[in-house]
Number of protein chains: 2
Amino acid sequence: VKIQVVADVLKANDAIARRNRERFDELGVLAVNLISSPGSGKTSLLERTSEALKGRFRLASMVGDLETTRDAERIDRAGIASIQINTGKGCHLDAAQVEAAIDKLPLTESDLLFIENVGNLVCPTGFDLGEHAKVTLLSTPEGEDKVLKYPLAFQIAQCILLNKIDLVDVLGYDRTVFYDDLRKVNSAAPVIEISCRRGDGMDLWADWLDRMREDLAEQKH
Amino acid sequence: VKIQVVADVLKANDAIARRNRERFDELGVLAVNLISSPGSGKTSLLERTSEALKGRFRLASMVGDLETTRDAERIDRAGIASIQINTGKGCHLDAAQVEAAIDKLPLTESDLLFIENVGNLVCPTGFDLGEHAKVTLLSTPEGEDKVLKYPLAFQIAQCILLNKIDLVDVLGYDRTVFYDDLRKVNSAAPVIEISCRRGDGMDLWADWLDRMREDLAEQKH
């Protein structure tokens, strides 16, 4: 019974995710699903991204958290139209929550939608939200060994961000372990080293988003 | 149907957890369930704890991870009898997994069992494993704001460890936010500031484990 129920839940989710993707396509909005552990820097990334893309793209975001509206408030202050989705005990966002939030954001006037998932490197990997791309964020203090311990989070990503690169020396972080492991699970996705504190890598990240936007526009025509 | 299935799963889990707790009581082993985000330092904590308790207590551990046996190997090298539980896509340990592992460890010759849960600040909070105490670990790079965003993880803990305290200055970490938020969800549990890298706080942590062991011994008589 349990397996059947889980299969039904995933099937229902996928149907809604397809509808969401169609909506995003119609709206011409690139939707990016941001996945990481708690505290890897998803919200700081959006703050920095807002600066980096100022005048180029109009941004919107949905922010998943068990409780509080702190992140949406931070992102709103950074000039990104935001809505908070509180999941209570829910460990990930699902397509229905995203669908319910779509009409609450000014997406007709947006180019890019960031969906900041609940801080969790496991459960969000199993749920399509209708995004065009998944981006997985890892921060250096989490350690070199996370790729093979949470392989799915890195396998499903179209782009991987290594954040808090400013702490590499302080931590004695060994990037070779990270890159060697990553090659085993995902050799296609680009890796961008960033520091949301210092601003490193924001130009490369903006370029990647740019290319994704172009790909989406080409698909449309 | 979905809610009923979830309720049944939790009921079955609780029944096994009760059996586990009885086994631990018979064995005179204090069982501690360690909960944190990926990369907060659970494995490093066990390495340090092994040093701090050398000659006082005999230690054993169960280590939950989606994949790899790296953590169990590290802990084993630190002199703690260890078994790795690979959960595949499973986002938390459950009581049945713990039960199946009990007989694979030399618990008749152990005083303390650490159950290192899957790195996840959400899902492990809902599953009793039969432990005597839950300990939640937060590391400073994860930010000051995690308590209210993941309240259950802090509410259910009998002891809270703030790790990577050696990075407070580098990060500009504001402890007052952490402590103010914590008071709102759990004012009873002691907080111990530690650095698994430098060794800070290991004496206080050892004392806390000592007291828990004494409480367990008293309950028995």
# chains A, B, ... in the order shown; residues from 1 in each chain; ligands from 1
call {"tool": "calpha_fit_and_write", "arguments": {"fixed": "chain B", "moving": "chain A", "output": "mmCIF file with C-alpha atoms, in the first residue's frame"}}
result
data_model
loop_
_atom_site.group_PDB
_atom_site.id
_atom_site.type_symbol
_atom_site.label_atom_id
_atom_site.label_comp_id
_atom_site.auth_asym_id
_atom_site.auth_seq_id
_atom_site.Cartn_x
_atom_site.Cartn_y
_atom_site.Cartn_z
ATOM 1 C CA VAL A 1 -5.601 7.441 2.285
ATOM 2 C CA LYS A 2 -2.254 9.217 2.410
ATOM 3 C CA ILE A 3 -2.736 10.530 5.942
ATOM 4 C CA GLN A 4 -3.805 7.088 7.183
ATOM 5 C CA VAL A 5 -0.727 5.463 5.644
ATOM 6 C CA VAL A 6 1.567 8.046 7.237
ATOM 7 C CA ALA A 7 -0.133 7.499 10.612
ATOM 8 C CA ASP A 8 0.316 3.722 10.274
ATOM 9 C CA VAL A 9 3.991 4.097 9.376
ATOM 10 C CA LEU A 10 4.615 6.307 12.418
ATOM 11 C CA LYS A 11 2.700 3.924 14.699
ATOM 12 C CA ALA A 12 4.744 0.943 13.472
ATOM 13 C CA ASN A 13 7.935 2.972 13.927
ATOM 14 C CA ASP A 14 7.038 3.909 17.493
ATOM 15 C CA ALA A 15 6.382 0.282 18.443
ATOM 16 C CA ILE A 16 9.833 -0.748 17.191
ATOM 17 C CA ALA A 17 11.418 2.297 18.862
ATOM 18 C CA ARG A 18 9.963 1.173 22.204
ATOM 19 C CA ARG A 19 11.514 -2.273 21.702
ATOM 20 C CA ASN A 20 14.869 -0.654 20.855
ATOM 21 C CA ARG A 21 14.748 1.464 24.008
ATOM 22 C CA GLU A 22 14.045 -1.623 26.115
ATOM 23 C CA ARG A 23 17.048 -3.357 24.524
ATOM 24 C CA PHE A 24 19.285 -0.364 25.222
ATOM 25 C CA ASP A 25 18.053 -0.265 28.810
ATOM 26 C CA GLU A 26 18.764 -3.969 29.298
ATOM 27 C CA LEU A 27 22.217 -3.530 27.799
ATOM 28 C CA GLY A 28 22.862 -0.478 29.979
ATOM 29 C CA VAL A 29 23.784 1.525 26.890
ATOM 30 C CA LEU A 30 22.936 5.226 26.642
ATOM 31 C CA ALA A 31 21.649 5.850 23.097
ATOM 32 C CA VAL A 32 21.997 9.348 21.622
ATOM 33 C CA ASN A 33 20.360 10.364 18.329
ATOM 34 C CA LEU A 34 22.482 13.038 16.593
ATOM 35 C CA ILE A 35 20.548 15.352 14.262
ATOM 36 C CA SER A 36 21.909 18.109 11.990
ATOM 37 C CA SER A 37 22.217 19.472 8.451
ATOM 38 C CA PRO A 38 24.764 17.883 6.127
ATOM 39 C CA GLY A 39 28.257 19.057 7.022
ATOM 40 C CA SER A 40 27.538 20.434 10.511
ATOM 41 C CA GLY A 41 30.178 18.141 11.964
ATOM 42 C CA LYS A 42 28.425 15.021 13.329
ATOM 43 C CA THR A 43 31.256 12.722 12.283
ATOM 44 C CA SER A 44 33.979 15.076 13.517
ATOM 45 C CA LEU A 45 32.090 15.297 16.801
ATOM 46 C CA LEU A 46 32.279 11.530 17.205
ATOM 47 C CA GLU A 47 36.001 11.568 16.443
ATOM 48 C CA ARG A 48 36.568 14.241 19.098
ATOM 49 C CA THR A 49 34.222 12.533 21.558
ATOM 50 C CA SER A 50 36.210 9.339 21.261
ATOM 51 C CA GLU A 51 39.340 11.229 22.384
ATOM 52 C CA ALA A 52 37.490 13.078 25.141
ATOM 53 C CA LEU A 53 35.966 9.936 26.628
ATOM 54 C CA LYS A 54 38.946 7.605 26.212
ATOM 55 C CA GLY A 55 39.208 5.297 29.198
ATOM 56 C CA ARG A 56 35.898 6.516 30.657
ATOM 57 C CA PHE A 57 33.289 5.022 28.320
ATOM 58 C CA ARG A 58 33.286 2.410 25.594
ATOM 59 C CA LEU A 59 31.644 3.846 22.486
ATOM 60 C CA ALA A 60 29.686 2.430 19.575
ATOM 61 C CA SER A 61 27.924 4.117 16.687
ATOM 62 C CA MET A 62 25.433 3.642 13.897
ATOM 63 C CA VAL A 63 25.945 6.010 10.995
ATOM 64 C CA GLY A 64 23.148 6.919 8.592
ATOM 65 C CA ASP A 65 24.008 8.098 5.086
ATOM 66 C CA LEU A 66 22.289 7.828 1.727
ATOM 67 C CA GLU A 67 25.428 6.295 0.260
ATOM 68 C CA THR A 68 29.134 5.595 0.957
ATOM 69 C CA THR A 69 30.714 4.076 4.061
ATOM 70 C CA ARG A 70 33.145 6.968 4.552
ATOM 71 C CA ASP A 71 31.758 8.153 7.862
ATOM 72 C CA ALA A 72 31.682 4.715 9.486
ATOM 73 C CA GLU A 73 35.276 4.187 8.330
ATOM 74 C CA ARG A 74 36.350 7.527 9.831
ATOM 75 C CA ILE A 75 34.625 6.756 13.110
ATOM 76 C CA ASP A 76 36.013 3.241 13.164
ATOM 77 C CA ARG A 77 39.528 4.639 12.771
ATOM 78 C CA ALA A 78 38.781 6.881 15.765
ATOM 79 C CA GLY A 79 38.303 3.730 17.845
ATOM 80 C CA ILE A 80 34.495 3.592 17.929
ATOM 81 C CA ALA A 81 32.853 0.314 16.895
ATOM 82 C CA SER A 82 30.718 1.406 13.934
ATOM 83 C CA ILE A 83 28.161 0.223 11.472
ATOM 84 C CA GLN A 84 27.025 2.162 8.401
ATOM 85 C CA ILE A 85 23.340 2.233 7.504
ATOM 86 C CA ASN A 86 22.874 3.268 3.878
ATOM 87 C CA THR A 87 19.382 4.604 3.302
ATOM 88 C CA GLY A 88 19.569 4.963 -0.509
ATOM 89 C CA LYS A 89 17.007 7.688 -1.096
ATOM 90 C CA GLY A 90 15.804 7.625 2.510
ATOM 91 C CA CYS A 91 15.973 11.025 4.168
ATOM 92 C CA HIS A 92 16.158 9.844 7.798
ATOM 93 C CA LEU A 93 16.812 6.746 9.902
ATOM 94 C CA ASP A 94 13.862 4.794 11.218
ATOM 95 C CA ALA A 95 13.512 2.479 14.199
ATOM 96 C CA ALA A 96 13.532 -0.686 12.078
ATOM 97 C CA GLN A 97 16.914 0.190 10.564
ATOM 98 C CA VAL A 98 18.301 0.752 14.042
ATOM 99 C CA GLU A 99 16.805 -2.517 15.316
ATOM 100 C CA ALA A 100 18.415 -4.441 12.450
ATOM 101 C CA ALA A 101 21.808 -2.919 13.323
ATOM 102 C CA ILE A 102 21.725 -3.551 17.093
ATOM 103 C CA ASP A 103 23.037 -7.122 16.944
ATOM 104 C CA LYS A 104 25.832 -6.158 14.577
ATOM 105 C CA LEU A 105 27.520 -3.977 17.197
ATOM 106 C CA PRO A 106 29.266 -5.160 20.382
ATOM 107 C CA LEU A 107 26.731 -3.394 22.610
ATOM 108 C CA THR A 108 27.187 -5.784 25.538
ATOM 109 C CA GLU A 109 30.653 -4.215 25.818
ATOM 110 C CA SER A 110 29.549 -0.610 25.182
ATOM 111 C CA ASP A 111 28.421 2.220 27.443
ATOM 112 C CA LEU A 112 27.348 4.744 24.847
ATOM 113 C CA LEU A 113 25.762 4.400 21.424
ATOM 114 C CA PHE A 114 25.720 7.361 19.049
ATOM 115 C CA ILE A 115 23.192 7.142 16.243
ATOM 116 C CA GLU A 116 24.359 9.617 13.607
ATOM 117 C CA ASN A 117 21.233 10.380 11.624
ATOM 118 C CA VAL A 118 21.135 11.269 7.915
ATOM 119 C CA GLY A 119 22.235 14.889 7.389
ATOM 120 C CA ASN A 120 18.855 16.600 7.353
ATOM 121 C CA LEU A 121 17.341 19.151 9.726
ATOM 122 C CA VAL A 122 13.728 18.240 8.849
ATOM 123 C CA CYS A 123 12.809 14.576 8.417
ATOM 124 C CA PRO A 124 14.770 12.939 11.275
ATOM 125 C CA THR A 125 12.799 15.036 13.778
ATOM 126 C CA GLY A 126 9.653 12.943 13.236
ATOM 127 C CA PHE A 127 11.072 9.479 13.914
ATOM 128 C CA ASP A 128 11.769 8.030 17.354
ATOM 129 C CA LEU A 129 14.635 5.530 17.051
ATOM 130 C CA GLY A 130 14.479 4.347 20.653
ATOM 131 C CA GLU A 131 17.208 6.745 21.786
ATOM 132 C CA HIS A 132 17.374 8.140 25.317
ATOM 133 C CA ALA A 133 18.217 11.628 24.089
ATOM 134 C CA LYS A 134 18.208 13.660 20.904
ATOM 135 C CA VAL A 135 21.120 16.044 20.381
ATOM 136 C CA THR A 136 20.853 18.686 17.661
ATOM 137 C CA LEU A 137 23.991 20.150 16.160
ATOM 138 C CA LEU A 138 24.123 23.508 14.361
ATOM 139 C CA SER A 139 27.301 24.949 12.863
ATOM 140 C CA THR A 140 28.009 28.668 12.707
ATOM 141 C CA PRO A 141 28.422 28.827 8.882
ATOM 142 C CA GLU A 142 24.762 27.775 8.555
ATOM 143 C CA GLY A 143 23.735 31.144 9.905
ATOM 144 C CA GLU A 144 22.106 32.713 12.940
ATOM 145 C CA ASP A 145 18.567 32.284 11.613
ATOM 146 C CA LYS A 146 18.167 28.511 11.541
ATOM 147 C CA VAL A 147 16.379 27.976 14.876
ATOM 148 C CA LEU A 148 13.070 29.568 13.862
ATOM 149 C CA LYS A 149 13.262 28.217 10.311
ATOM 150 C CA TYR A 150 13.684 24.633 11.539
ATOM 151 C CA PRO A 151 12.076 24.926 14.984
ATOM 152 C CA LEU A 152 11.229 21.267 15.534
ATOM 153 C CA ALA A 153 14.878 20.201 15.279
ATOM 154 C CA PHE A 154 15.685 22.457 18.221
ATOM 155 C CA GLN A 155 12.480 21.902 20.163
ATOM 156 C CA ILE A 156 12.893 18.130 20.465
ATOM 157 C CA ALA A 157 16.556 18.238 21.545
ATOM 158 C CA GLN A 158 17.726 17.456 25.091
ATOM 159 C CA CYS A 159 21.046 19.125 24.322
ATOM 160 C CA ILE A 160 22.081 21.567 21.576
ATOM 161 C CA LEU A 161 25.612 21.867 20.251
ATOM 162 C CA LEU A 162 26.770 25.010 18.423
ATOM 163 C CA ASN A 163 29.736 23.788 16.389
ATOM 164 C CA LYS A 164 32.500 25.562 14.447
ATOM 165 C CA ILE A 165 32.676 28.210 17.126
ATOM 166 C CA ASP A 166 36.247 28.887 15.932
ATOM 167 C CA LEU A 167 34.722 30.594 12.863
ATOM 168 C CA VAL A 168 32.653 33.145 14.819
ATOM 169 C CA ASP A 169 35.021 36.051 14.113
ATOM 170 C CA VAL A 170 35.733 35.145 10.482
ATOM 171 C CA LEU A 171 32.008 34.893 9.777
ATOM 172 C CA GLY A 172 30.873 37.764 11.985
ATOM 173 C CA TYR A 173 28.435 35.286 13.529
ATOM 174 C CA ASP A 174 25.887 36.974 15.811
ATOM 175 C CA ARG A 175 25.257 34.571 18.680
ATOM 176 C CA THR A 176 22.578 36.783 20.266
ATOM 177 C CA VAL A 177 20.143 36.070 17.405
ATOM 178 C CA PHE A 178 20.727 32.341 17.826
ATOM 179 C CA TYR A 179 20.211 32.454 21.611
ATOM 180 C CA ASP A 180 17.187 34.778 21.440
ATOM 181 C CA ASP A 181 15.451 32.514 18.920
ATOM 182 C CA LEU A 182 16.351 29.389 20.842
ATOM 183 C CA ARG A 183 14.741 30.735 24.006
ATOM 184 C CA LYS A 184 11.430 30.870 22.093
ATOM 185 C CA VAL A 185 11.425 27.186 21.122
ATOM 186 C CA ASN A 186 13.471 25.436 23.811
ATOM 187 C CA SER A 187 14.613 27.078 27.012
ATOM 188 C CA ALA A 188 15.274 23.809 28.851
ATOM 189 C CA ALA A 189 18.044 22.178 26.820
ATOM 190 C CA PRO A 190 21.610 23.217 27.605
ATOM 191 C CA VAL A 191 23.631 24.724 24.758
ATOM 192 C CA ILE A 192 27.297 23.805 24.466
ATOM 193 C CA GLU A 193 29.545 25.808 22.144
ATOM 194 C CA ILE A 194 32.102 23.529 20.558
ATOM 195 C CA SER A 195 34.761 23.406 17.880
ATOM 196 C CA CYS A 196 35.446 19.914 16.607
ATOM 197 C CA ARG A 197 38.459 21.326 14.792
ATOM 198 C CA ARG A 198 40.080 22.954 17.832
ATOM 199 C CA GLY A 199 38.530 20.866 20.590
ATOM 200 C CA ASP A 200 36.615 23.639 22.384
ATOM 201 C CA GLY A 201 33.779 22.533 24.617
ATOM 202 C CA MET A 202 34.618 18.827 24.652
ATOM 203 C CA ASP A 203 34.924 18.834 28.454
ATOM 204 C CA LEU A 204 31.401 20.268 28.855
ATOM 205 C CA TRP A 205 30.032 17.804 26.299
ATOM 206 C CA ALA A 206 31.706 14.885 28.108
ATOM 207 C CA ASP A 207 30.200 16.116 31.399
ATOM 208 C CA TRP A 208 26.737 16.224 29.861
ATOM 209 C CA LEU A 209 27.091 12.645 28.567
ATOM 210 C CA ASP A 210 28.333 11.636 32.011
ATOM 211 C CA ARG A 211 25.241 13.059 33.696
ATOM 212 C CA MET A 212 22.965 11.349 31.163
ATOM 213 C CA ARG A 213 24.702 8.028 31.880
ATOM 214 C CA GLU A 214 24.188 8.556 35.619
ATOM 215 C CA ASP A 215 20.507 9.369 35.119
ATOM 216 C CA LEU A 216 20.094 6.150 33.131
ATOM 217 C CA ALA A 217 21.834 4.079 35.810
ATOM 218 C CA GLU A 218 19.621 5.634 38.524
ATOM 219 C CA GLN A 219 16.456 4.900 36.555
ATOM 220 C CA LYS A 220 17.536 1.253 36.413
ATOM 221 C CA HIS A 221 17.845 0.929 40.188
#
call {"tool": "select_by_dssp", "arguments": {"residues": "region 27-140 of chain B", "states": "alpha helix (DSSP H)", "output": "PyMOL selection string"}}
result
chain B and resi 27+42-52+70-77+95-102
call {"tool": "select_by_dssp", "arguments": {"residues": "region 116-195 of chain B", "states": "strand (DSSP E or B)", "output": "PyMOL selection string"}}
result
chain B and resi 116+133-139+159-163+191-193
